[in-house]
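*Asks:* Attaching a single structure in structure tokens format; questions to follow.
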Amino acid sequence: MPVATKEYEERYLASFQELDSRTGSRVPAWLRRLRQEAAEYFAETGFPTTRNEEWKYTNVAPLLAVPFEPAAEGASLGEEALKPALLDDAEAARLVFVNGRFAETLSSLQGLPSGVVAGSLASALGEAGVEEHLGQIAAHREHPFAALNTAFLQDGAYLRVSKGTVLEKPVHLLFLSASGARPGVSHPRALVVAERDTQFRLVESYFGLPGRLPGGAHFSNAVTEILAGENAMLELVKLQEENAASFHTALLAVRQERGSNVFACSISLQGALVRNDVSAVLAAEGAECTLDGLYLAAGREHVDNHTAIDHASPHCASRQLYKGILDGHAAGVFNGKILVRKDAQKTNAVQSNKNLLLSGDAQINTKPQLEIFADDVRCTHGATIGQIDPEAVFYLRSRGIGPEEARRLLTRAFAAEILERVRVPGVRERVEQALRARWA
């Protein structure tokens with residue numbers, strides 16, 4: 001291991017020791033044990049390298065080259081600073097977090113029915129079910145950055161939707177990164193429990209605010225855990241739009257019970273290095289899971305999407321469609337894994353990754369993957385890589401459309417298949433703006 005990497009890891013471990021000595025006696029014993037276990041695992045494994053198969057095409061050296069320090073816990077913001085990150089949609093509730101800490105004055109919980117508990121995770125540690133699920137759905141022993149997040153777990157979002165509750169409007173979890181005088185790292189966390197027969201939409205957005213540093217360098221290391229109870233229906237849209245100097249790693253871990261239906265869409269718009277891991281376990285019969293993704297990258301940005309769907313029970317279905325648009329010297333990675341266990345008969349799984357390269361210097365590494373141990377299944381997977389069709393450009397130009405406008409229209413059309421499935425208009429508009437700005 002390079003000396004610089006070892007020193008960087010020791011710096012994180014020293015920060016954890018300081019946190020544990022300062023706050024360990026004030027948190028429940030089970031949470032302190034969970035944090036210590038995660039720190040011990042990270043001390044054993046350290047940061048991943050390209051020798052790790054799961055990180056073969058993603059080098060974290062650029063992240064380690066920045067001397068990140070724990071972001072300020074008490075960063076205060078006004079309503080004006082919040083406006084650029086807000087969506088235009090009417091929300092059932094908005095929970096705002098600054099550098100991973102709940103900002104009650106910026107949040108709005110009005111309009112939530114009595115069957116919903118929403119707010120600070122730190123304040124909900126005594127709630128029934130929190131100890132049972134927190135740190136148990138996300139396998140931090142398989143994800144070094146998730147272990148780091150768990151070691152520094154102090155606060156985050158907590159949302160529990162009680163049995164039979166239906167929300168007409170989406171709940172918005174807004175995670176803001178506010179840089180100070182030095183580059184900061186925060187560890188956003190969320191725990192979502194959807195009890196049986198519930199229906200709701202959730203928007204999880206990550207936004208980088210201008211700071212005192214040129215470019216606003218920040219490292220956001222997030223973990224979201226979701227339990228979808230029997231017959232629950234949940235739509236989750238994740239929108240990552242931090243700036244070009246930011247680093248973002250995230251793990252979304254979902255566990256689905258009988259008859260549940262989860263739609264999760266991950267949209268990455270900007271970042272020096274972005275890594276999204278999604279893990280879904282279809283733990284009981286009749287569960288259905290849809291994973292969509294759209295990622296944009298230009299310049300020398302790097303975006304990596306890893307998905308893993310575990311068909312652990314029979315009669316379950318999953319669909320995956322990830323699309324990437326890469327320009328300049330940008331690099332993209334897609335690694336999608338479908339595991340069908342021995343007893344998971346009657347599985348129906350489809351996986352597809354499609355990429356549009358707008359530059360001869362852009363590159364994509366894609367690896368759809370199936371591991372099937374049952375014999376009565378229907379599983380398909382595929383990947384495509386291409387450029388803008390010159391015949392389509394010619395057709396548009398023959399109708400009086402200029403070459404750049406034709407390029408924008410065709411790029412927008414490529415992304416439309418994902419955007420049309422997102423039922424939150426504010427998210428769609430934000431992506432439209434990003435597409436116009438990137439390829440103006």
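If you're wondering about the labels, chains in the structure tokens are A, B, ... by order shown, residues count from 1 in each chain, ligands from 1 in order shown.
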Output as a count of residues only all residues of region 93-339 of chain A that backbone DSSP marks as helix (DSSP H, G or I).

*Replies:* 18

*Asks:* With region 287-306 of chain A as the partner and 9 Å as the cut-off, tabulate the residues of region 45-69 of chain A that qualify, each row holding the nearest pair of atoms and their distance in Å to one decimal, using only C-alpha atoms, sorted by chain and rising number, as JSON lines.

*Replies:*
{"residue": "A:Glu54", "atom": "CA", "partner": "A:His306", "partner_atom": "CA", "distance": 8.3}
{"residue": "A:Tyr57", "atom": "CA", "partner": "A:Asp304", "partner_atom": "CA", "distance": 8.5}
{"residue": "A:Thr58", "atom": "CA", "partner": "A:Asp304", "partner_atom": "CA", "distance": 7.2}

*Asks:* Rounded to one decimal in Å, what is the spacing between CA of Gln154 (chain A) and CA of Ala122 (chain A)?

*Replies:*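 The value is 6.4 Å.
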
*Asks:* Taking 6 positions as the minimum chain separation for residues in the same chain, which residues sit within 6 Å of region 364-373 of chain A when counting only C-alpha atoms? Answer as a VMD selection string.

*Replies:* chain A and resid 331 to 342

*Asks:* Write out as an MDAnalysis selection string the residues lying within 9 Å of region 133-150 of chain A, counting only C-alpha atoms and excluding same-chain residues fewer than 2 positions away.

*Replies:* chainID A and resid 12 31 34:42 45:48 129:131 152:154 186:191 193 221:227 249:255 277 279

*Asks:* Could those residues be written to a file, using C-alpha atoms, as an mmCIF file, in the first residue's frame?

*Replies:*
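Result written to part.cif:
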data_model
loop_
_atom_site.group_PDB
_atom_site.id
_atom_site.type_symbol
_atom_site.label_atom_id
_atom_site.label_comp_id
_atom_site.auth_asym_id
_atom_site.auth_seq_id
_atom_site.Cartn_x
_atom_site.Cartn_y
_atom_site.Cartn_z
ATOM 1 C CA TYR A 12 -9.792 8.992 8.994
ATOM 2 C CA LEU A 31 -24.983 2.149 17.896
ATOM 3 C CA LEU A 34 -22.016 -0.756 15.212
ATOM 4 C CA ARG A 35 -19.757 2.254 14.631
ATOM 5 C CA GLN A 36 -16.752 0.559 16.200
ATOM 6 C CA GLU A 37 -17.293 -2.614 14.165
ATOM 7 C CA ALA A 38 -17.441 -0.586 10.946
ATOM 8 C CA ALA A 39 -14.274 1.321 11.884
ATOM 9 C CA GLU A 40 -12.463 -1.949 12.576
ATOM 10 C CA TYR A 41 -13.508 -3.321 9.199
ATOM 11 C CA PHE A 42 -12.291 -0.172 7.440
ATOM 12 C CA THR A 45 -9.470 -3.273 4.380
ATOM 13 C CA GLY A 46 -8.711 0.406 3.786
ATOM 14 C CA PHE A 47 -9.688 2.192 0.613
ATOM 15 C CA PRO A 48 -10.316 0.021 -2.465
ATOM 16 C CA GLY A 129 -37.414 -0.784 14.592
ATOM 17 C CA VAL A 130 -34.482 1.612 14.220
ATOM 18 C CA GLU A 131 -32.011 -0.656 15.994
ATOM 19 C CA PHE A 152 -19.063 8.244 11.422
ATOM 20 C CA LEU A 153 -22.828 7.744 11.796
ATOM 21 C CA GLN A 154 -24.269 10.549 13.918
ATOM 22 C CA SER A 186 -19.637 14.491 5.160
ATOM 23 C CA HIS A 187 -21.410 11.160 5.575
ATOM 24 C CA PRO A 188 -25.131 11.544 4.770
ATOM 25 C CA ARG A 189 -27.321 8.707 6.039
ATOM 26 C CA ALA A 190 -30.956 7.736 5.540
ATOM 27 C CA LEU A 191 -33.199 4.973 6.887
ATOM 28 C CA VAL A 193 -39.124 1.958 6.488
ATOM 29 C CA ASN A 221 -20.126 9.681 1.226
ATOM 30 C CA ALA A 222 -23.748 8.536 1.516
ATOM 31 C CA VAL A 223 -25.659 5.425 2.593
ATOM 32 C CA THR A 224 -29.425 4.900 2.247
ATOM 33 C CA GLU A 225 -31.228 1.847 3.653
ATOM 34 C CA ILE A 226 -34.786 0.972 2.618
ATOM 35 C CA LEU A 227 -37.094 -1.734 3.904
ATOM 36 C CA THR A 249 -19.760 7.833 -3.253
ATOM 37 C CA ALA A 250 -23.050 6.223 -2.291
ATOM 38 C CA LEU A 251 -24.681 2.924 -1.406
ATOM 39 C CA LEU A 252 -28.420 2.364 -1.760
ATOM 40 C CA ALA A 253 -29.456 -0.898 -0.088
ATOM 41 C CA VAL A 254 -33.026 -2.215 -0.427
ATOM 42 C CA ARG A 255 -34.714 -5.235 1.127
ATOM 43 C CA ASP A 277 -23.679 1.259 -5.650
ATOM 44 C CA SER A 279 -28.037 -3.422 -3.868
#

*Asks:* Give me the residues within 6 Å of Ser205 (chain A) as number ranges by chain, counting only C-alpha atoms and dropping any in the same chain fewer than 6 places off.

*Replies:* A: 174, 238-240

*Asks:* Tell me, as a PyMOL selection string, which residues lie within 8 Å of Gln387 (chain A), counting only C-alpha atoms; anything in the same chain fewer than 5 positions away does not count.

*Replies:* chain A and resi 356-358

*Asks:* What lies within 7 Å of Asn243 (chain A) using only C-alpha atoms, ignoring chain neighbours under 3 positions off, as a list in words?

*Replies:* Gly208, Ser246, Gln270 and Gly271 of chain A

*Asks:* Nearest to Gln17 (chain A) among A:Ala151, A:Thr49, A:Leu86, A:Tyr395, with distances taken over only C-alpha atoms: which residue is it?

*Replies:*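 Nearest candidate to Gln17 (chain A) out of A:Ala151, A:Thr49, A:Leu86, A:Tyr395: A:Ala151.
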
*Asks:* For the atom pair CA of Glu80 (chain A) and CA of Gly100 (chain A), what is the interatomic distance in Å to one decimal place?

*Replies:*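 Separation between CA of Glu80 (chain A) and CA of Gly100 (chain A): 19.3 Å.
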
*Asks:* Quick one: of A:His311, A:Arg430, A:Lys354, A:Arg397, who's nearest to Glu285 (chain A), counting only C-alpha atoms?

*Replies:*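 Closest to Glu285 (chain A), using only C-alpha atoms: A:His311.
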